[in-house]
file target.cif (mmCIF, C-alpha atoms and all ligand atoms)
data_upload
loop_
_atom_site.group_PDB
_atom_site.id
_atom_site.type_symbol
_atom_site.label_atom_id
_atom_site.label_comp_id
_atom_site.auth_asym_id
_atom_site.auth_seq_id
_atom_site.Cartn_x
_atom_site.Cartn_y
_atom_site.Cartn_z
ATOM 1 C CA MET H 292 102.430 128.347 157.932
ATOM 2 C CA ILE H 293 105.752 128.420 159.702
ATOM 3 C CA ARG H 294 105.468 128.040 163.436
ATOM 4 C CA VAL H 295 107.988 129.798 165.697
ATOM 5 C CA GLU H 296 108.746 126.393 167.198
ATOM 6 C CA ASP H 297 110.008 125.234 163.805
ATOM 7 C CA ILE H 298 112.709 127.845 163.739
ATOM 8 C CA GLY H 299 115.887 127.005 165.596
ATOM 9 C CA ALA H 300 114.437 126.097 168.984
ATOM 10 C CA ALA H 301 116.987 125.935 171.788
ATOM 11 C CA SER H 302 118.622 122.565 171.883
ATOM 12 C CA PRO H 303 120.191 122.103 175.307
ATOM 13 C CA GLY H 304 123.807 121.121 175.103
ATOM 14 C CA SER H 305 124.105 121.826 171.417
ATOM 15 C CA GLY H 306 126.757 124.443 172.156
ATOM 16 C CA LEU H 307 128.089 127.250 170.067
ATOM 17 C CA SER H 308 128.389 125.080 167.002
ATOM 18 C CA GLY H 309 124.623 124.857 167.278
ATOM 19 C CA LEU H 310 124.301 128.518 168.210
ATOM 20 C CA GLY H 311 122.360 130.569 165.768
ATOM 21 C CA HIS H 312 118.846 130.531 164.525
ATOM 22 C CA ASN H 313 117.345 130.743 161.105
ATOM 23 C CA HIS H 314 120.590 131.695 159.407
ATOM 24 C CA PRO H 315 120.360 134.463 156.808
ATOM 25 C CA GLY H 316 119.964 133.055 153.364
ATOM 26 C CA THR H 317 118.013 129.990 154.438
ATOM 27 C CA SER H 318 114.490 129.480 153.261
ATOM 28 C CA LEU H 319 113.212 130.229 156.760
ATOM 29 C CA SER H 320 114.767 133.698 156.741
ATOM 30 C CA ILE H 321 111.542 135.660 156.913
ATOM 31 C CA SER H 322 110.689 138.480 159.245
ATOM 32 C CA MET H 323 108.212 137.603 161.949
ATOM 33 C CA ASP H 324 107.239 139.023 165.302
ATOM 34 C CA ILE H 325 108.878 137.070 168.097
ATOM 35 C CA VAL H 326 107.678 139.422 170.862
ATOM 36 C CA ILE H 327 104.361 141.239 170.803
ATOM 37 C CA ALA H 328 103.014 143.618 173.440
ATOM 38 C CA GLN H 329 99.441 144.825 173.180
ATOM 39 C CA ASN H 330 98.135 147.554 175.468
ATOM 40 C CA LEU H 331 100.713 146.653 178.105
ATOM 41 C CA ILE H 332 100.187 148.327 181.464
ATOM 42 C CA LYS H 333 102.291 147.771 184.567
ATOM 43 C CA ASP H 334 101.488 149.358 187.923
ATOM 44 C CA TYR H 335 103.537 149.170 191.110
ATOM 45 C CA ASN H 336 101.325 149.878 194.113
ATOM 46 C CA GLY H 337 99.354 152.515 192.269
ATOM 47 C CA LEU H 338 102.324 153.924 190.346
ATOM 48 C CA ARG H 339 101.837 153.449 186.597
ATOM 49 C CA ALA H 340 105.319 152.513 185.365
ATOM 50 C CA VAL H 341 104.226 151.407 181.878
ATOM 51 C CA ASN H 342 101.186 153.067 180.395
ATOM 52 C CA ASP H 343 99.355 151.197 177.655
ATOM 53 C CA ILE H 344 102.127 150.540 175.179
ATOM 54 C CA ASN H 345 102.188 148.506 171.980
ATOM 55 C CA PHE H 346 105.202 147.166 170.142
ATOM 56 C CA SER H 347 106.467 144.126 168.311
ATOM 57 C CA ILE H 348 109.969 142.809 167.885
ATOM 58 C CA HIS H 349 110.951 140.989 164.702
ATOM 59 C CA GLN H 350 112.746 137.688 164.763
ATOM 60 C CA GLY H 351 116.480 138.242 164.209
ATOM 61 C CA GLU H 352 116.587 141.998 164.785
ATOM 62 C CA CYS H 353 118.407 143.985 167.436
ATOM 63 C CA PHE H 354 115.839 146.102 169.249
ATOM 64 C CA GLY H 355 116.834 148.776 171.750
ATOM 65 C CA PHE H 356 114.844 150.470 174.493
ATOM 66 C CA LEU H 357 116.129 153.995 175.088
ATOM 67 C CA GLY H 358 114.923 156.591 177.554
ATOM 68 C CA PRO H 359 115.722 158.448 180.756
ATOM 69 C CA ASN H 360 115.818 156.759 184.154
ATOM 70 C CA GLY H 361 112.339 155.829 185.278
ATOM 71 C CA ALA H 362 110.966 155.681 181.716
ATOM 72 C CA GLY H 363 109.872 152.061 182.175
ATOM 73 C CA LYS H 364 112.534 150.258 180.112
ATOM 74 C CA THR H 365 113.529 147.739 182.801
ATOM 75 C CA THR H 366 109.898 147.028 183.600
ATOM 76 C CA VAL H 367 109.186 146.179 179.965
ATOM 77 C CA MET H 368 112.287 143.970 179.702
ATOM 78 C CA ARG H 369 111.389 142.160 182.935
ATOM 79 C CA THR H 370 107.874 141.574 181.632
ATOM 80 C CA ILE H 371 109.239 140.053 178.414
ATOM 81 C CA SER H 372 111.606 137.937 180.563
ATOM 82 C CA CYS H 373 108.546 136.609 182.474
ATOM 83 C CA PHE H 374 109.762 138.024 185.794
ATOM 84 C CA LEU H 375 106.958 140.578 186.111
ATOM 85 C CA PRO H 376 103.343 139.856 185.144
ATOM 86 C CA PRO H 377 101.556 142.663 183.279
ATOM 87 C CA THR H 378 98.870 144.521 185.230
ATOM 88 C CA ALA H 379 96.843 144.605 182.003
ATOM 89 C CA GLY H 380 97.355 143.875 178.347
ATOM 90 C CA LEU H 381 98.947 140.964 176.545
ATOM 91 C CA VAL H 382 102.603 140.103 176.041
ATOM 92 C CA THR H 383 103.581 137.112 173.946
ATOM 93 C CA VAL H 384 107.060 135.723 173.334
ATOM 94 C CA PHE H 385 107.442 133.006 170.683
ATOM 95 C CA GLY H 386 103.668 133.274 170.399
ATOM 96 C CA LEU H 387 103.272 132.204 174.060
ATOM 97 C CA ASP H 388 101.575 134.306 176.735
ATOM 98 C CA VAL H 389 104.114 135.396 179.389
ATOM 99 C CA THR H 390 101.632 134.818 182.192
ATOM 100 C CA ALA H 391 100.572 131.357 181.005
ATOM 101 C CA ARG H 392 103.833 129.800 179.733
ATOM 102 C CA PRO H 393 106.728 131.440 181.632
ATOM 103 C CA SER H 394 108.873 128.293 181.942
ATOM 104 C CA ASP H 395 108.574 127.441 178.254
ATOM 105 C CA ILE H 396 109.574 130.981 177.350
ATOM 106 C CA LYS H 397 112.426 131.282 179.851
ATOM 107 C CA SER H 398 114.086 128.107 178.598
ATOM 108 C CA ARG H 399 114.502 129.801 175.215
ATOM 109 C CA LEU H 400 115.765 133.168 176.521
ATOM 110 C CA GLY H 401 119.240 134.307 177.473
ATOM 111 C CA ILE H 402 119.587 137.096 180.007
ATOM 112 C CA MET H 403 122.702 139.146 180.524
ATOM 113 C CA PRO H 404 122.336 141.182 183.700
ATOM 114 C CA GLN H 405 124.001 144.517 184.210
ATOM 115 C CA GLU H 406 125.524 143.574 187.548
ATOM 116 C CA ASP H 407 128.212 140.946 188.018
ATOM 117 C CA ASN H 408 126.458 138.048 189.749
ATOM 118 C CA LEU H 409 129.095 135.444 188.905
ATOM 119 C CA ASP H 410 129.934 132.988 191.665
ATOM 120 C CA PRO H 411 133.322 134.050 193.098
ATOM 121 C CA ASP H 412 133.868 130.601 194.657
ATOM 122 C CA LEU H 413 133.836 128.882 191.265
ATOM 123 C CA SER H 414 136.281 129.053 188.379
ATOM 124 C CA VAL H 415 135.353 130.632 185.066
ATOM 125 C CA ILE H 416 134.398 127.329 183.458
ATOM 126 C CA GLU H 417 132.594 126.070 186.564
ATOM 127 C CA ASN H 418 130.409 129.187 186.492
ATOM 128 C CA LEU H 419 129.232 128.182 183.026
ATOM 129 C CA VAL H 420 128.787 124.473 183.773
ATOM 130 C CA VAL H 421 126.759 125.171 186.919
ATOM 131 C CA TYR H 422 124.610 127.707 185.068
ATOM 132 C CA ALA H 423 124.046 125.157 182.279
ATOM 133 C CA SER H 424 122.782 122.677 184.884
ATOM 134 C CA TYR H 425 119.877 125.062 185.612
ATOM 135 C CA PHE H 426 118.727 124.273 182.076
ATOM 136 C CA ASP H 427 119.095 120.534 182.723
ATOM 137 C CA ILE H 428 122.232 120.401 180.605
ATOM 138 C CA ARG H 429 124.469 117.744 182.154
ATOM 139 C CA LYS H 430 128.145 118.435 182.820
ATOM 140 C CA LYS H 431 129.254 115.820 180.332
ATOM 141 C CA ASP H 432 127.169 117.509 177.598
ATOM 142 C CA SER H 433 127.970 121.064 178.577
ATOM 143 C CA LEU H 434 131.767 120.865 178.838
ATOM 144 C CA ARG H 435 132.370 120.973 175.102
ATOM 145 C CA SER H 436 129.847 123.715 174.480
ATOM 146 C CA VAL H 437 131.044 125.928 177.338
ATOM 147 C CA ARG H 438 134.602 125.639 176.021
ATOM 148 C CA GLU H 439 133.305 126.844 172.669
ATOM 149 C CA LEU H 440 131.533 129.697 174.394
ATOM 150 C CA LEU H 441 134.725 130.646 176.233
ATOM 151 C CA ALA H 442 136.528 130.706 172.893
ATOM 152 C CA PHE H 443 133.707 132.821 171.430
ATOM 153 C CA VAL H 444 134.225 135.487 174.121
ATOM 154 C CA GLU H 445 138.018 135.019 173.969
ATOM 155 C CA LEU H 446 138.388 133.710 177.499
ATOM 156 C CA GLN H 447 139.619 130.217 176.663
ATOM 157 C CA ASP H 448 142.900 130.914 178.458
ATOM 158 C CA LYS H 449 141.010 131.863 181.617
ATOM 159 C CA ALA H 450 138.927 128.694 181.929
ATOM 160 C CA ASP H 451 140.429 127.741 185.284
ATOM 161 C CA ALA H 452 140.887 131.269 186.648
ATOM 162 C CA LYS H 453 138.899 132.514 189.612
ATOM 163 C CA ILE H 454 136.407 135.297 189.013
ATOM 164 C CA ASP H 455 138.368 137.855 191.045
ATOM 165 C CA GLN H 456 141.305 137.343 188.673
ATOM 166 C CA LEU H 457 139.256 138.751 185.770
ATOM 167 C CA SER H 458 139.138 142.382 184.645
ATOM 168 C CA GLY H 459 135.781 144.169 184.392
ATOM 169 C CA GLY H 460 135.744 143.625 180.629
ATOM 170 C CA MET H 461 136.466 139.921 181.024
ATOM 171 C CA LYS H 462 133.647 139.540 183.571
ATOM 172 C CA HIS H 463 131.281 141.195 181.108
ATOM 173 C CA ARG H 464 132.334 138.777 178.393
ATOM 174 C CA LEU H 465 131.892 135.854 180.781
ATOM 175 C CA LEU H 466 128.382 137.077 181.658
ATOM 176 C CA LEU H 467 127.691 137.172 177.923
ATOM 177 C CA ALA H 468 128.982 133.605 177.507
ATOM 178 C CA ARG H 469 126.870 132.473 180.470
ATOM 179 C CA SER H 470 123.745 134.005 178.936
ATOM 180 C CA LEU H 471 124.324 131.835 175.859
ATOM 181 C CA VAL H 472 124.643 128.411 177.517
ATOM 182 C CA ASN H 473 121.115 127.372 176.538
ATOM 183 C CA ASN H 474 121.556 128.586 172.941
ATOM 184 C CA PRO H 475 118.820 131.219 173.384
ATOM 185 C CA GLU H 476 116.687 132.453 170.530
ATOM 186 C CA ILE H 477 116.338 135.849 172.207
ATOM 187 C CA LEU H 478 119.139 137.458 174.177
ATOM 188 C CA ILE H 479 118.085 140.166 176.632
ATOM 189 C CA LEU H 480 120.800 142.604 177.660
ATOM 190 C CA ASP H 481 120.429 145.240 180.340
ATOM 191 C CA GLU H 482 122.949 147.991 179.576
ATOM 192 C CA PRO H 483 125.507 145.495 178.263
ATOM 193 C CA THR H 484 128.484 147.849 178.238
ATOM 194 C CA THR H 485 127.831 150.242 181.111
ATOM 195 C CA GLY H 486 131.035 150.854 183.044
ATOM 196 C CA LEU H 487 133.321 149.389 180.383
ATOM 197 C CA ASP H 488 136.305 151.171 178.870
ATOM 198 C CA PRO H 489 136.040 151.925 175.117
ATOM 199 C CA HIS H 490 138.168 148.927 174.123
ATOM 200 C CA SER H 491 136.104 146.445 176.166
ATOM 201 C CA ARG H 492 132.909 148.072 174.930
ATOM 202 C CA ARG H 493 133.957 147.487 171.318
ATOM 203 C CA ALA H 494 134.810 143.866 172.160
ATOM 204 C CA VAL H 495 131.255 143.316 173.460
ATOM 205 C CA TRP H 496 129.784 145.072 170.389
ATOM 206 C CA ASP H 497 131.780 142.735 168.140
ATOM 207 C CA LYS H 498 130.345 139.702 169.927
ATOM 208 C CA LEU H 499 126.799 141.055 169.765
ATOM 209 C CA ASN H 500 127.227 141.692 166.043
ATOM 210 C CA ASP H 501 128.416 138.096 165.638
ATOM 211 C CA LEU H 502 125.266 136.913 167.407
ATOM 212 C CA LYS H 503 123.135 139.128 165.179
ATOM 213 C CA PHE H 504 124.775 137.553 162.177
ATOM 214 C CA ARG H 505 123.772 134.143 163.559
ATOM 215 C CA ASN H 506 120.233 135.536 163.690
ATOM 216 C CA THR H 507 119.823 135.639 167.454
ATOM 217 C CA THR H 508 117.233 138.268 168.336
ATOM 218 C CA LEU H 509 118.791 140.889 170.626
ATOM 219 C CA LEU H 510 116.865 143.096 173.020
ATOM 220 C CA LEU H 511 118.809 145.696 174.911
ATOM 221 C CA THR H 512 118.583 148.822 176.983
ATOM 222 C CA THR H 513 121.353 151.346 176.739
ATOM 223 C CA HIS H 514 122.236 154.871 177.715
ATOM 224 C CA TYR H 515 124.860 155.020 174.978
ATOM 225 C CA MET H 516 123.398 156.446 171.805
ATOM 226 C CA GLU H 517 126.497 155.368 169.877
ATOM 227 C CA GLU H 518 125.809 151.798 171.019
ATOM 228 C CA ALA H 519 122.215 151.999 169.817
ATOM 229 C CA GLU H 520 123.330 153.480 166.488
ATOM 230 C CA LYS H 521 125.926 150.751 165.971
ATOM 231 C CA LEU H 522 123.862 147.738 167.047
ATOM 232 C CA CYS H 523 120.136 148.399 166.838
ATOM 233 C CA ASP H 524 117.998 147.802 163.779
ATOM 234 C CA ARG H 525 115.169 149.633 165.553
ATOM 235 C CA VAL H 526 114.800 151.521 168.815
ATOM 236 C CA ALA H 527 111.848 152.422 171.008
ATOM 237 C CA ILE H 528 112.370 155.756 172.725
ATOM 238 C CA MET H 529 110.434 155.681 176.002
ATOM 239 C CA ASP H 530 109.506 158.431 178.427
ATOM 240 C CA SER H 531 107.229 158.373 181.492
ATOM 241 C CA GLY H 532 105.917 154.886 180.792
ATOM 242 C CA THR H 533 105.015 155.518 177.164
ATOM 243 C CA ILE H 534 106.705 154.910 173.824
ATOM 244 C CA VAL H 535 107.438 158.202 172.115
ATOM 245 C CA THR H 536 108.534 156.588 168.861
ATOM 246 C CA ILE H 537 109.724 153.312 167.337
ATOM 247 C CA ASP H 538 111.908 153.378 164.243
ATOM 248 C CA SER H 539 115.353 152.605 162.907
ATOM 249 C CA PRO H 540 118.144 154.929 164.065
ATOM 250 C CA GLU H 541 118.703 155.852 160.387
ATOM 251 C CA ASN H 542 115.071 156.865 159.847
ATOM 252 C CA LEU H 543 114.958 158.817 163.107
ATOM 253 C CA MET H 544 118.132 160.702 162.253
ATOM 254 C CA ALA H 545 116.887 161.448 158.734
ATOM 255 C CA LEU H 546 113.513 162.593 160.082
ATOM 256 C CA HIS H 547 114.697 164.722 162.987
ATOM 257 C CA GLY H 548 118.252 165.659 161.936
ATOM 258 C CA GLY H 549 121.562 165.168 163.707
ATOM 259 C CA ASN H 550 122.716 162.013 165.379
ATOM 260 C CA LEU H 551 120.669 159.704 167.606
ATOM 261 C CA GLU H 552 121.579 161.730 170.689
ATOM 262 C CA ASN H 553 120.065 164.833 169.054
ATOM 263 C CA VAL H 554 116.922 162.842 168.222
ATOM 264 C CA TYR H 555 116.703 161.566 171.798
ATOM 265 C CA LEU H 556 117.061 165.080 173.233
ATOM 266 C CA LYS H 557 114.489 166.449 170.816
ATOM 267 C CA LEU H 558 111.898 163.756 171.484
ATOM 268 C CA THR H 559 112.273 163.412 175.253
ATOM 269 C CA GLY H 560 113.408 166.921 176.141
ATOM 270 C CA ARG H 561 115.858 165.245 178.508
ATOM 271 C CA SER H 562 119.615 165.154 178.621
ATOM 272 C CA LEU H 563 121.440 161.834 178.568
ATOM 273 C CA ALA H 564 122.343 162.355 182.213
ATOM 274 C CA ASP H 565 118.648 162.232 183.250
HETATM 275 P P1 LIG R 601 113.923 152.517 183.657
HETATM 276 O O1 LIG R 601 114.430 151.149 183.473
HETATM 277 O O2 LIG R 601 113.541 153.188 182.391
HETATM 278 O O3 LIG R 601 114.847 153.367 184.472
HETATM 279 P P2 LIG R 601 111.968 151.311 185.433
HETATM 280 O O4 LIG R 601 111.188 150.356 184.653
HETATM 281 O O5 LIG R 601 113.058 150.787 186.308
HETATM 282 O O6 LIG R 601 112.547 152.449 184.467
HETATM 283 O O7 LIG R 601 110.995 152.150 186.372
HETATM 284 C C1 LIG R 601 109.798 152.757 185.907
HETATM 285 C C2 LIG R 601 109.097 153.367 187.098
HETATM 286 O O8 LIG R 601 108.653 152.328 187.959
HETATM 287 C C3 LIG R 601 109.968 154.285 187.946
HETATM 288 O O9 LIG R 601 109.153 155.336 188.431
HETATM 289 C C4 LIG R 601 110.411 153.391 189.074
HETATM 290 O O10 LIG R 601 110.687 154.145 190.235
HETATM 291 C C5 LIG R 601 109.206 152.485 189.259
HETATM 292 N N1 LIG R 601 109.561 151.153 189.740
HETATM 293 C C6 LIG R 601 110.390 150.282 189.135
HETATM 294 N N2 LIG R 601 110.464 149.134 189.840
HETATM 295 C C7 LIG R 601 109.648 149.283 190.914
HETATM 296 C C8 LIG R 601 109.290 148.437 192.001
HETATM 297 N N3 LIG R 601 109.773 147.207 192.119
HETATM 298 N N4 LIG R 601 108.435 148.929 192.926
HETATM 299 C C9 LIG R 601 107.913 150.171 192.797
HETATM 300 N N5 LIG R 601 108.207 151.011 191.787
HETATM 301 C C10 LIG R 601 109.074 150.578 190.845
#

call {"tool": "encode", "arguments": {"input": "target.cif", "output": "structure tokens"}}
result
Amino acid sequence: MIRVEDIGAASPGSGLSGLGHNHPGTSLSISMDIVIAQNLIKDYNGLRAVNDINFSIHQGECFGFLGPNGAGKTTVMRTISCFLPPTAGLVTVFGLDVTARPSDIKSRLGIMPQEDNLDPDLSVIENLVVYASYFDIRKKDSLRSVRELLAFVELQDKADAKIDQLSGGMKHRLLLARSLVNNPEILILDEPTTGLDPHSRRAVWDKLNDLKFRNTTLLLTTHYMEEAEKLCDRVAIMDSGTIVTIDSPENLMALHGGNLENVYLKLTGRSLAD
């Protein structure tokens, strides 16, 4: 039996050259569930935000949560990230219970927030080195790997720039690089391209596709159906705390007709502006 721990566990300081997990074509390239939610319920002071949902996410896939505002997407992502305990039900990541083993799980996750929370007092490279120190990666070990990460997101020329000298697209790419400093097995992205111009959006998609190729599991929320179509192997369409359907964009489009936006409108009865 292959244990999850056997497959490309995060190796602090291993850098981008070590980035990637269970590369396609290797003998370990089998599909397995890296996240499992069973009968997940989350209440906030009596409000049921997530209502008894079940899903599993396969190792190496890109999985998207779609749905109108208030559907429960962020709550589910925060539960997987071990920031919110479930009210009821079981959520496991890497086979570990999120309520029992949060630190072990978090050390193997990368999280790219929607908002820019980079430190404006530090340079681009210092932002990465300081973030790496939170994972006990020493400066001496992290310098080479963060330079590789800067090259990966095409910011190598900006290593010594201050954050306020970066464009919005560059900040997004830096946030992506920062989320990779611990060589995560799962990368969690909250609306990774919201607010970006089309060119910058494509640049982020390219990087996420590179990560997919390296077999990093990607979990994202998005309001852009084109983004979900381009990146996601499967999507969960959520509404009012429940999962309406889980399938590949291709299957959903074949089943319901039209593009993914048409499917979304049909299944949720909502417009994308909701
Ligand atoms: P989405 O990400 O799909 O927009 P959320 O998970 O943010 O949905 O929210 C689901 C529901 O839970 C909404 O009704 C929202 O108002 C509520 N909610 C989210 N966070 C909190 C919180 N911290 N306290 C109380 N209610 C919350």

call {"tool": "residues_around", "arguments": {"input": "target.cif", "residues": "Glu517 (chain H)", "least_positions_apart": "3", "cutoff": "9 Å", "atoms": "all atoms listed in the file", "output": "VMD selection string"}}
result
chain H and resid 514 520 to 522 550 to 552

call {"tool": "residues_near_ligand", "arguments": {"input": "target.cif", "ligand": "ligand LIG 601 (chain R)", "cutoff": "8 Å", "atoms": "only C-alpha atoms and all ligand atoms", "output": "VMD selection string"}}
result
chain H and resid 334 to 336 338 to 341 357 to 367 529 to 532

call {"tool": "residues_around", "arguments": {"input": "target.cif", "residues": "Asp343 (chain H)", "least_positions_apart": "2", "cutoff": "9 Å", "atoms": "only C-alpha atoms", "output": "VMD selection string"}}
result
chain H and resid 329 to 333 341 345 379 to 380 532 to 533

call {"tool": "atom_distance", "arguments": {"input": "target.cif", "atom1": "CA of Val415 (chain H)", "atom2": "CA of Arg438 (chain H)"}}
result
10.4 Å

call {"tool": "resolve_selection", "arguments": {"input": "target.cif", "expression": "the PyMOL selection byres (((chain H and resi 523) around 9) and not hetatm)", "output": "list in words"}}
result
Glu352, Cys353, Phe354, Gly355, Leu509, Leu510, Leu511, Glu518, Ala519, Glu520, Lys521, Leu522, Asp524, Arg525, Val526, Ser539 and Pro540 of chain H

call {"tool": "closest_residue", "arguments": {"input": "target.cif", "among": "H:Phe426, H:Phe385, H:Phe346, H:Phe356", "to": "Arg469 (chain H)", "atoms": "only C-alpha atoms"}}
result
H:Phe426

call {"tool": "resolve_selection", "arguments": {"input": "target.cif", "expression": "the PyMOL selection byres (((chain H and resi 418) around 12) and not hetatm)", "output": "PDB file with C-alpha atoms, in the frame of the given file"}}
result
ATOM      1  CA  ASN H 408     126.458 138.048 189.749  1.00  0.00           C
ATOM      2  CA  LEU H 409     129.095 135.444 188.905  1.00  0.00           C
ATOM      3  CA  ASP H 410     129.934 132.988 191.665  1.00  0.00           C
ATOM      4  CA  PRO H 411     133.322 134.050 193.098  1.00  0.00           C
ATOM      5  CA  ASP H 412     133.868 130.601 194.657  1.00  0.00           C
ATOM      6  CA  LEU H 413     133.836 128.882 191.265  1.00  0.00           C
ATOM      7  CA  SER H 414     136.281 129.053 188.379  1.00  0.00           C
ATOM      8  CA  VAL H 415     135.353 130.632 185.066  1.00  0.00           C
ATOM      9  CA  ILE H 416     134.398 127.329 183.458  1.00  0.00           C
ATOM     10  CA  GLU H 417     132.594 126.070 186.564  1.00  0.00           C
ATOM     11  CA  LEU H 419     129.232 128.182 183.026  1.00  0.00           C
ATOM     12  CA  VAL H 420     128.787 124.473 183.773  1.00  0.00           C
ATOM     13  CA  VAL H 421     126.759 125.171 186.919  1.00  0.00           C
ATOM     14  CA  TYR H 422     124.610 127.707 185.068  1.00  0.00           C
ATOM     15  CA  ALA H 423     124.046 125.157 182.279  1.00  0.00           C
ATOM     16  CA  SER H 424     122.782 122.677 184.884  1.00  0.00           C
ATOM     17  CA  TYR H 425     119.877 125.062 185.612  1.00  0.00           C
ATOM     18  CA  LYS H 430     128.145 118.435 182.820  1.00  0.00           C
ATOM     19  CA  SER H 433     127.970 121.064 178.577  1.00  0.00           C
ATOM     20  CA  LEU H 434     131.767 120.865 178.838  1.00  0.00           C
ATOM     21  CA  VAL H 437     131.044 125.928 177.338  1.00  0.00           C
ATOM     22  CA  ARG H 438     134.602 125.639 176.021  1.00  0.00           C
ATOM     23  CA  LEU H 441     134.725 130.646 176.233  1.00  0.00           C
ATOM     24  CA  LYS H 449     141.010 131.863 181.617  1.00  0.00           C
ATOM     25  CA  ALA H 450     138.927 128.694 181.929  1.00  0.00           C
ATOM     26  CA  ASP H 451     140.429 127.741 185.284  1.00  0.00           C
ATOM     27  CA  ALA H 452     140.887 131.269 186.648  1.00  0.00           C
ATOM     28  CA  LYS H 453     138.899 132.514 189.612  1.00  0.00           C
ATOM     29  CA  ILE H 454     136.407 135.297 189.013  1.00  0.00           C
ATOM     30  CA  LYS H 462     133.647 139.540 183.571  1.00  0.00           C
ATOM     31  CA  LEU H 465     131.892 135.854 180.781  1.00  0.00           C
ATOM     32  CA  LEU H 466     128.382 137.077 181.658  1.00  0.00           C
ATOM     33  CA  ALA H 468     128.982 133.605 177.507  1.00  0.00           C
ATOM     34  CA  ARG H 469     126.870 132.473 180.470  1.00  0.00           C
ATOM     35  CA  SER H 470     123.745 134.005 178.936  1.00  0.00           C
ATOM     36  CA  VAL H 472     124.643 128.411 177.517  1.00  0.00           C
TER      37      VAL H 472
END

call {"tool": "atom_distance", "arguments": {"input": "target.cif", "atom1": "CA of Asn473 (chain H)", "atom2": "CA of Thr370 (chain H)"}}
result
20.1 Å

call {"tool": "atom_distance", "arguments": {"input": "target.cif", "atom1": "CA of Met368 (chain H)", "atom2": "CA of Ser562 (chain H)"}}
result
22.4 Å

call {"tool": "residues_around", "arguments": {"input": "target.cif", "residues": "region 482-491 of chain H", "least_positions_apart": "5", "cutoff": "10 Å", "atoms": "only C-alpha atoms", "output": "NGL selection string"}}
result
:H and (355-356 or 365 or 403-406 or 458-461 or 463-464 or 466-467 or 496-497 or 499 or 511-515 or 518)

call {"tool": "write_last_selection", "arguments": {"input": "target.cif", "atoms": "C-alpha atoms", "output": "mmCIF file, keeping the file's coordinate frame"}}
result
data_model
loop_
_atom_site.group_PDB
_atom_site.id
_atom_site.type_symbol
_atom_site.label_atom_id
_atom_site.label_comp_id
_atom_site.auth_asym_id
_atom_site.auth_seq_id
_atom_site.Cartn_x
_atom_site.Cartn_y
_atom_site.Cartn_z
ATOM 1 C CA GLY H 355 116.834 148.776 171.750
ATOM 2 C CA PHE H 356 114.844 150.470 174.493
ATOM 3 C CA THR H 365 113.529 147.739 182.801
ATOM 4 C CA MET H 403 122.702 139.146 180.524
ATOM 5 C CA PRO H 404 122.336 141.182 183.700
ATOM 6 C CA GLN H 405 124.001 144.517 184.210
ATOM 7 C CA GLU H 406 125.524 143.574 187.548
ATOM 8 C CA SER H 458 139.138 142.382 184.645
ATOM 9 C CA GLY H 459 135.781 144.169 184.392
ATOM 10 C CA GLY H 460 135.744 143.625 180.629
ATOM 11 C CA MET H 461 136.466 139.921 181.024
ATOM 12 C CA HIS H 463 131.281 141.195 181.108
ATOM 13 C CA ARG H 464 132.334 138.777 178.393
ATOM 14 C CA LEU H 466 128.382 137.077 181.658
ATOM 15 C CA LEU H 467 127.691 137.172 177.923
ATOM 16 C CA TRP H 496 129.784 145.072 170.389
ATOM 17 C CA ASP H 497 131.780 142.735 168.140
ATOM 18 C CA LEU H 499 126.799 141.055 169.765
ATOM 19 C CA LEU H 511 118.809 145.696 174.911
ATOM 20 C CA THR H 512 118.583 148.822 176.983
ATOM 21 C CA THR H 513 121.353 151.346 176.739
ATOM 22 C CA HIS H 514 122.236 154.871 177.715
ATOM 23 C CA TYR H 515 124.860 155.020 174.978
ATOM 24 C CA GLU H 518 125.809 151.798 171.019
#

call {"tool": "closest_residue", "arguments": {"input": "target.cif", "among": "H:Asn506, H:Val326, H:Asn342, H:His547", "to": "Thr383 (chain H)", "atoms": "all atoms listed in the file"}}
result
H:Val326

call {"tool": "resolve_selection", "arguments": {"input": "target.cif", "expression": "the PyMOL selection byres (((chain H and resi 351) around 9) and not hetatm)", "output": "VMD selection string"}}
result
chain H and resid 312 to 313 320 322 to 323 325 348 to 350 352 to 353 476 to 477 503 to 509

call {"tool": "residues_around", "arguments": {"input": "target.cif", "residues": "Ala391 (chain H)", "least_positions_apart": "6", "cutoff": "12 Å", "atoms": "all atoms listed in the file", "output": "list of chain:residue names"}}
result
H:Cys373, H:Pro376, H:Pro377, H:Leu381, H:Val382, H:Thr383, H:Val384, H:Lys397

call {"tool": "write_last_selection", "arguments": {"input": "target.cif", "atoms": "C-alpha atoms", "output": "tab-separated table (two decimals), keeping the file's coordinate frame"}}
result
chain	number	residue	atom	x	y	z
H	373	CYS	CA	108.55	136.61	182.47
H	376	PRO	CA	103.34	139.86	185.14
H	377	PRO	CA	101.56	142.66	183.28
H	381	LEU	CA	98.95	140.96	176.54
H	382	VAL	CA	102.60	140.10	176.04
H	383	THR	CA	103.58	137.11	173.95
H	384	VAL	CA	107.06	135.72	173.33
H	397	LYS	CA	112.43	131.28	179.85
